[in-house]
Amino acid sequence: MRFIKPLCILLLTYTFTAGYLFEVPALPILNETIRALYLHVPMWFTMIFLLLLSSFHSYRYVSNGNILHDMKSYNFAHIGVYFGILGLLTGMVWARYTWGTFWTNDPKLNGSAIGLLIYFGYFILRSSIDDESKRGKISSVYNVFSFSMLIPLIFILPRLTDSLHPGNGGNPGFNVYDMNSQLRLVFYPAVTGFILLGLWISDIRLKMLKLNQK
Amino acid sequence: MMFNFFTLFILLQEVAMADAMRSNGKIYVVVVISLIILFSLFLYLYRIEKKIESIKKNK
């Protein structure tokens, strides 16, 4: 856990300098906004990663009943949804200047919005139950279910139809046509850096939750 | 005529100044601004963490 902070700072510093300065492919319509790839897409990666951890801890809570797992799963979901909202907002700005509107009926957009709404349902469900063990059990089961809903909504359904997002509409993501090595040079460090930032924030918030519990 | 050539020469002359921040369409300025925001966020996170830990110790 100790390497998280320095590595996060290093990778994000690299992202925020190389992301602006390195050469990017010159493509019509996208122009310089192609650099938004380094910021917009890692938001979703971080969200998926944190929500995966969240559902994992929910599963652990259901299997062994340790309240710490319930706390962790709630915490990861909370931070993950924040990153999802950031992904949605940054995507909307990007869409405005490349696709023409803030919101299109793109299956990926609608899917991610529905996915976030499912998680809002999780928070409402959690806050509506007072009894600790009952709250833990019900919300954990719901959380595992909502992650398994999120995967088809974000990754499978957009590929079955046409989507404006690259790598969708039949093709797997990250194929040779979508990303070249110049983009990968910044993109992968950016993804790792933002995931580590998500873990760092989650760690801080977990400490706070533990203090409240005592 | 001579005067015009002279002023033109002066205008076209490369003057050694802090040009590093102005090259490439001033993108370096954006980099510096982003890094300031990023580092202040890191500092903020770090300080919050320290504060929470100190509260934990006092309890």
# chains A, B, ... in the order shown; residues from 1 in each chain; ligands from 1
call {"tool": "residues_around", "arguments": {"residues": "range 26-39 of chain B", "least_positions_apart": "6", "cutoff": "7 Å", "atoms": "only C-alpha atoms", "output": "number ranges by chain"}}
result
A: 13, 16-17, 20
call {"tool": "closest_atom_pairs", "arguments": {"of": "chain A", "to": "chain B", "cutoff": "10 Å", "atoms": "only C-alpha atoms", "output": "Markdown table"}}
result
| residue | atom | partner | partner_atom | distance |
| --- | --- | --- | --- | --- |
| A:Lys5 | CA | B:Phe42 | CA | 9.0 |
| A:Cys8 | CA | B:Phe42 | CA | 9.4 |
| A:Ile9 | CA | B:Phe42 | CA | 7.5 |
| A:Leu12 | CA | B:Leu38 | CA | 8.1 |
| A:Thr13 | CA | B:Leu35 | CA | 6.9 |
| A:Tyr14 | CA | B:Leu35 | CA | 9.7 |
| A:Thr15 | CA | B:Leu35 | CA | 9.9 |
| A:Phe16 | CA | B:Val31 | CA | 6.6 |
| A:Thr17 | CA | B:Val31 | CA | 5.7 |
| A:Ala18 | CA | B:Val31 | CA | 8.9 |
| A:Gly19 | CA | B:Val31 | CA | 8.9 |
| A:Tyr20 | CA | B:Val31 | CA | 6.8 |
| A:Leu21 | CA | B:Ile27 | CA | 7.5 |
| A:Leu197 | CA | B:Phe42 | CA | 9.2 |
| A:Trp200 | CA | B:Leu45 | CA | 8.5 |
| A:Ile201 | CA | B:Leu45 | CA | 7.5 |
| A:Asp203 | CA | B:Glu49 | CA | 8.8 |
| A:Ile204 | CA | B:Glu49 | CA | 5.7 |
| A:Arg205 | CA | B:Glu49 | CA | 8.8 |
| A:Lys207 | CA | B:Ile52 | CA | 7.1 |
| A:Met208 | CA | B:Ile52 | CA | 6.6 |
| A:Lys210 | CA | B:Lys56 | CA | 9.3 |
| A:Leu211 | CA | B:Lys56 | CA | 6.7 |
| A:Lys214 | CA | B:Lys59 | CA | 9.2 |
call {"tool": "write_last_selection", "arguments": {"atoms": "N, CA and C atoms", "output": "mmCIF file, in the first residue's frame"}}
result
data_model
loop_
_atom_site.group_PDB
_atom_site.id
_atom_site.type_symbol
_atom_site.label_atom_id
_atom_site.label_comp_id
_atom_site.auth_asym_id
_atom_site.auth_seq_id
_atom_site.Cartn_x
_atom_site.Cartn_y
_atom_site.Cartn_z
ATOM 1 N N LYS A 5 0.977 6.020 -3.197
ATOM 2 C CA LYS A 5 1.015 7.485 -3.298
ATOM 3 C C LYS A 5 2.126 7.998 -4.205
ATOM 4 N N CYS A 8 1.383 7.060 -7.802
ATOM 5 C CA CYS A 8 0.251 7.849 -8.318
ATOM 6 C C CYS A 8 0.707 9.248 -8.705
ATOM 7 N N ILE A 9 1.483 9.886 -7.820
ATOM 8 C CA ILE A 9 1.968 11.239 -8.106
ATOM 9 C C ILE A 9 2.849 11.240 -9.346
ATOM 10 N N LEU A 12 0.681 10.492 -12.599
ATOM 11 C CA LEU A 12 -0.228 11.573 -12.985
ATOM 12 C C LEU A 12 0.543 12.819 -13.407
ATOM 13 N N THR A 13 1.699 13.045 -12.794
ATOM 14 C CA THR A 13 2.541 14.157 -13.254
ATOM 15 C C THR A 13 2.977 13.914 -14.694
ATOM 16 N N TYR A 14 3.375 12.673 -14.953
ATOM 17 C CA TYR A 14 3.742 12.294 -16.324
ATOM 18 C C TYR A 14 2.559 12.496 -17.272
ATOM 19 N N THR A 15 1.376 12.058 -16.837
ATOM 20 C CA THR A 15 0.183 12.194 -17.685
ATOM 21 C C THR A 15 -0.105 13.644 -18.016
ATOM 22 N N PHE A 16 -0.014 14.506 -16.987
ATOM 23 C CA PHE A 16 -0.397 15.897 -17.190
ATOM 24 C C PHE A 16 0.678 16.716 -17.913
ATOM 25 N N THR A 17 1.867 16.144 -18.105
ATOM 26 C CA THR A 17 2.839 16.844 -18.946
ATOM 27 C C THR A 17 2.903 16.200 -20.333
ATOM 28 N N ALA A 18 3.174 14.884 -20.357
ATOM 29 C CA ALA A 18 3.271 14.194 -21.646
ATOM 30 C C ALA A 18 1.953 14.240 -22.407
ATOM 31 N N GLY A 19 0.856 14.250 -21.655
ATOM 32 C CA GLY A 19 -0.456 14.284 -22.286
ATOM 33 C C GLY A 19 -0.664 15.513 -23.142
ATOM 34 N N TYR A 20 -0.060 16.641 -22.728
ATOM 35 C CA TYR A 20 -0.196 17.863 -23.517
ATOM 36 C C TYR A 20 0.905 17.994 -24.575
ATOM 37 N N LEU A 21 2.078 17.439 -24.273
ATOM 38 C CA LEU A 21 3.243 17.765 -25.083
ATOM 39 C C LEU A 21 3.567 16.738 -26.160
ATOM 40 N N LEU A 197 -4.954 6.848 -7.825
ATOM 41 C CA LEU A 197 -5.576 7.999 -7.162
ATOM 42 C C LEU A 197 -6.897 7.584 -6.517
ATOM 43 N N TRP A 200 -6.151 5.691 -3.434
ATOM 44 C CA TRP A 200 -5.666 6.595 -2.389
ATOM 45 C C TRP A 200 -6.852 7.298 -1.704
ATOM 46 N N ILE A 201 -7.740 7.859 -2.514
ATOM 47 C CA ILE A 201 -8.901 8.550 -1.952
ATOM 48 C C ILE A 201 -9.766 7.570 -1.154
ATOM 49 N N ASP A 203 -8.800 4.953 0.387
ATOM 50 C CA ASP A 203 -8.099 4.641 1.623
ATOM 51 C C ASP A 203 -8.357 5.711 2.679
ATOM 52 N N ILE A 204 -8.275 6.983 2.242
ATOM 53 C CA ILE A 204 -8.511 8.089 3.175
ATOM 54 C C ILE A 204 -9.938 8.040 3.705
ATOM 55 N N ARG A 205 -10.885 7.816 2.780
ATOM 56 C CA ARG A 205 -12.291 7.835 3.188
ATOM 57 C C ARG A 205 -12.606 6.646 4.094
ATOM 58 N N LYS A 207 -10.570 5.337 6.268
ATOM 59 C CA LYS A 207 -10.087 5.706 7.604
ATOM 60 C C LYS A 207 -11.126 6.556 8.324
ATOM 61 N N MET A 208 -11.732 7.493 7.553
ATOM 62 C CA MET A 208 -12.751 8.362 8.124
ATOM 63 C C MET A 208 -13.970 7.551 8.565
ATOM 64 N N LYS A 210 -14.068 4.437 9.426
ATOM 65 C CA LYS A 210 -13.720 3.643 10.612
ATOM 66 C C LYS A 210 -13.785 4.492 11.870
ATOM 67 N N LEU A 211 -13.319 5.758 11.759
ATOM 68 C CA LEU A 211 -13.371 6.671 12.904
ATOM 69 C C LEU A 211 -14.815 6.930 13.311
ATOM 70 N N LYS A 214 -16.358 4.064 15.386
ATOM 71 C CA LYS A 214 -15.949 3.850 16.782
ATOM 72 C C LYS A 214 -16.801 4.637 17.761
#
call {"tool": "atom_distance", "arguments": {"atom1": "CA of Leu206 in chain A", "atom2": "CA of Ala77 in chain A"}}
result
11.6 Å
call {"tool": "closest_residue", "arguments": {"among": "A:Ser55, A:Met1, A:Asn212, A:Leu164", "to": "Trp103 in chain A", "atoms": "only C-alpha atoms"}}
result
A:Leu164
call {"tool": "select_by_dssp", "arguments": {"residues": "range 16-194 of chain A", "states": "helix (DSSP H, G or I)", "output": "PyMOL selection string"}}
result
chain A and resi 16-21+31-64+67-98+107-127+132-160+181-194
call {"tool": "write_last_selection", "arguments": {"atoms": "C-alpha atoms", "output": "CSV table (one decimal), in the first residue's frame"}}
result
chain,number,residue,atom,x,y,z
A,16,PHE,CA,-0.4,15.9,-17.2
A,17,THR,CA,2.8,16.8,-18.9
A,18,ALA,CA,3.3,14.2,-21.6
A,19,GLY,CA,-0.5,14.3,-22.3
A,20,TYR,CA,-0.2,17.9,-23.5
A,21,LEU,CA,3.2,17.8,-25.1
A,31,ASN,CA,-8.1,17.4,-33.7
A,32,GLU,CA,-6.4,18.1,-30.4
A,33,THR,CA,-9.3,16.8,-28.4
A,34,ILE,CA,-7.8,13.3,-28.9
A,35,ARG,CA,-5.8,14.2,-25.8
A,36,ALA,CA,-9.0,14.0,-23.8
A,37,LEU,CA,-8.5,10.2,-24.2
A,38,TYR,CA,-5.9,10.5,-21.4
A,39,LEU,CA,-8.3,12.0,-19.0
A,40,HIS,CA,-11.8,10.9,-20.0
A,41,VAL,CA,-11.2,7.1,-20.5
A,42,PRO,CA,-9.2,6.6,-17.3
A,43,MET,CA,-12.2,7.9,-15.3
A,44,TRP,CA,-14.2,4.9,-16.5
A,45,PHE,CA,-11.4,2.5,-16.0
A,46,THR,CA,-11.0,3.7,-12.4
A,47,MET,CA,-14.8,3.5,-11.9
A,48,ILE,CA,-14.9,-0.1,-13.2
A,49,PHE,CA,-11.9,-1.1,-11.1
A,50,LEU,CA,-13.3,0.5,-7.8
A,51,LEU,CA,-16.7,-1.0,-8.4
A,52,LEU,CA,-15.1,-4.4,-9.0
A,53,LEU,CA,-13.4,-4.1,-5.7
A,54,SER,CA,-16.6,-3.0,-4.2
A,55,SER,CA,-18.6,-6.0,-5.4
A,56,PHE,CA,-15.7,-8.3,-4.4
A,57,HIS,CA,-15.9,-7.0,-0.8
A,58,SER,CA,-19.7,-7.3,-0.9
A,59,TYR,CA,-19.2,-10.9,-1.8
A,60,ARG,CA,-16.7,-11.4,1.0
A,61,TYR,CA,-19.2,-9.8,3.4
A,62,VAL,CA,-22.0,-12.2,2.4
A,63,SER,CA,-19.7,-15.1,2.8
A,64,ASN,CA,-18.0,-14.3,6.2
A,67,ILE,CA,-18.5,-5.7,8.9
A,68,LEU,CA,-15.2,-4.3,7.6
A,69,HIS,CA,-15.9,-5.8,4.2
A,70,ASP,CA,-19.3,-4.1,4.1
A,71,MET,CA,-17.7,-0.8,5.0
A,72,LYS,CA,-15.0,-1.3,2.3
A,73,SER,CA,-17.6,-2.2,-0.4
A,74,TYR,CA,-19.7,0.8,0.4
A,75,ASN,CA,-16.6,3.0,0.4
A,76,PHE,CA,-15.3,1.7,-3.0
A,77,ALA,CA,-18.7,2.1,-4.6
A,78,HIS,CA,-18.9,5.7,-3.3
A,79,ILE,CA,-15.6,6.7,-4.8
A,80,GLY,CA,-16.2,4.6,-7.9
A,81,VAL,CA,-19.5,6.4,-8.7
A,82,TYR,CA,-17.7,9.8,-8.2
A,83,PHE,CA,-15.3,8.8,-11.0
A,84,GLY,CA,-18.2,7.6,-13.1
A,85,ILE,CA,-19.9,11.0,-12.8
A,86,LEU,CA,-16.6,12.7,-13.8
A,87,GLY,CA,-16.4,10.3,-16.8
A,88,LEU,CA,-19.9,11.3,-17.8
A,89,LEU,CA,-19.3,15.0,-17.5
A,90,THR,CA,-16.0,15.0,-19.3
A,91,GLY,CA,-17.5,12.8,-22.0
A,92,MET,CA,-20.4,15.2,-22.4
A,93,VAL,CA,-18.0,18.1,-23.0
A,94,TRP,CA,-16.0,16.1,-25.5
A,95,ALA,CA,-19.1,14.9,-27.3
A,96,ARG,CA,-20.3,18.5,-27.6
A,97,TYR,CA,-17.3,19.5,-29.7
A,98,THR,CA,-16.8,16.3,-31.7
A,107,PRO,CA,-25.9,2.9,-26.4
A,108,LYS,CA,-22.7,3.4,-24.4
A,109,LEU,CA,-23.9,6.7,-23.0
A,110,ASN,CA,-27.3,5.4,-22.1
A,111,GLY,CA,-25.8,2.2,-20.7
A,112,SER,CA,-23.4,4.1,-18.4
A,113,ALA,CA,-26.1,6.4,-17.3
A,114,ILE,CA,-28.4,3.5,-16.4
A,115,GLY,CA,-25.4,1.8,-14.7
A,116,LEU,CA,-24.9,4.9,-12.5
A,117,LEU,CA,-28.6,5.1,-11.7
A,118,ILE,CA,-28.4,1.4,-10.5
A,119,TYR,CA,-25.6,2.5,-8.1
A,120,PHE,CA,-27.6,5.5,-6.9
A,121,GLY,CA,-30.3,2.9,-6.1
A,122,TYR,CA,-27.7,1.1,-4.0
A,123,PHE,CA,-26.9,4.2,-1.9
A,124,ILE,CA,-30.6,4.9,-1.4
A,125,LEU,CA,-31.2,1.2,-0.4
A,126,ARG,CA,-28.3,1.4,2.0
A,127,SER,CA,-29.4,4.6,3.7
A,132,GLU,CA,-26.5,-2.9,10.6
A,133,SER,CA,-26.4,-6.5,9.6
A,134,LYS,CA,-29.6,-6.4,7.6
A,135,ARG,CA,-28.3,-3.3,5.8
A,136,GLY,CA,-25.0,-5.1,5.1
A,137,LYS,CA,-26.6,-8.2,3.7
A,138,ILE,CA,-29.3,-6.6,1.5
A,139,SER,CA,-27.0,-4.0,0.1
A,140,SER,CA,-24.2,-6.5,-0.5
A,141,VAL,CA,-26.4,-8.7,-2.5
A,142,TYR,CA,-27.7,-5.7,-4.4
A,143,ASN,CA,-24.2,-4.5,-5.0
A,144,VAL,CA,-23.0,-7.8,-6.5
A,145,PHE,CA,-26.1,-7.8,-8.7
A,146,SER,CA,-25.5,-4.2,-9.9
A,147,PHE,CA,-21.9,-4.8,-10.9
A,148,SER,CA,-23.0,-7.8,-12.9
A,149,MET,CA,-25.6,-5.5,-14.6
A,150,LEU,CA,-23.0,-2.8,-15.3
A,151,ILE,CA,-20.8,-5.1,-17.4
A,152,PRO,CA,-23.4,-5.9,-20.1
A,153,LEU,CA,-24.6,-2.3,-20.0
A,154,ILE,CA,-21.2,-0.8,-20.6
A,155,PHE,CA,-19.3,-3.5,-22.4
A,156,ILE,CA,-21.6,-5.9,-24.1
A,157,LEU,CA,-24.7,-4.1,-25.3
A,158,PRO,CA,-22.9,-1.2,-27.0
A,159,ARG,CA,-20.9,-3.8,-29.1
A,160,LEU,CA,-24.1,-5.5,-30.3
A,181,SER,CA,1.7,3.4,-29.9
A,182,GLN,CA,1.9,7.2,-29.4
A,183,LEU,CA,-1.4,7.2,-27.5
A,184,ARG,CA,-0.6,4.1,-25.6
A,185,LEU,CA,2.6,5.7,-24.3
A,186,VAL,CA,0.6,8.1,-22.2
A,187,PHE,CA,-2.8,6.2,-22.0
A,188,TYR,CA,-1.6,3.2,-19.9
A,189,PRO,CA,0.3,5.3,-17.4
A,190,ALA,CA,-2.7,7.6,-17.1
A,191,VAL,CA,-5.1,4.7,-16.4
A,192,THR,CA,-2.7,3.3,-13.8
A,193,GLY,CA,-2.2,6.7,-12.2
A,194,PHE,CA,-5.9,7.5,-11.9
call {"tool": "atom_distance", "arguments": {"atom1": "CA of Gly65 in chain A", "atom2": "CA of Gln213 in chain A"}}
result
16.4 Å
call {"tool": "atom_distance", "arguments": {"atom1": "CA of Pro28 in chain A", "atom2": "CA of Gly100 in chain A"}}
result
14.0 Å
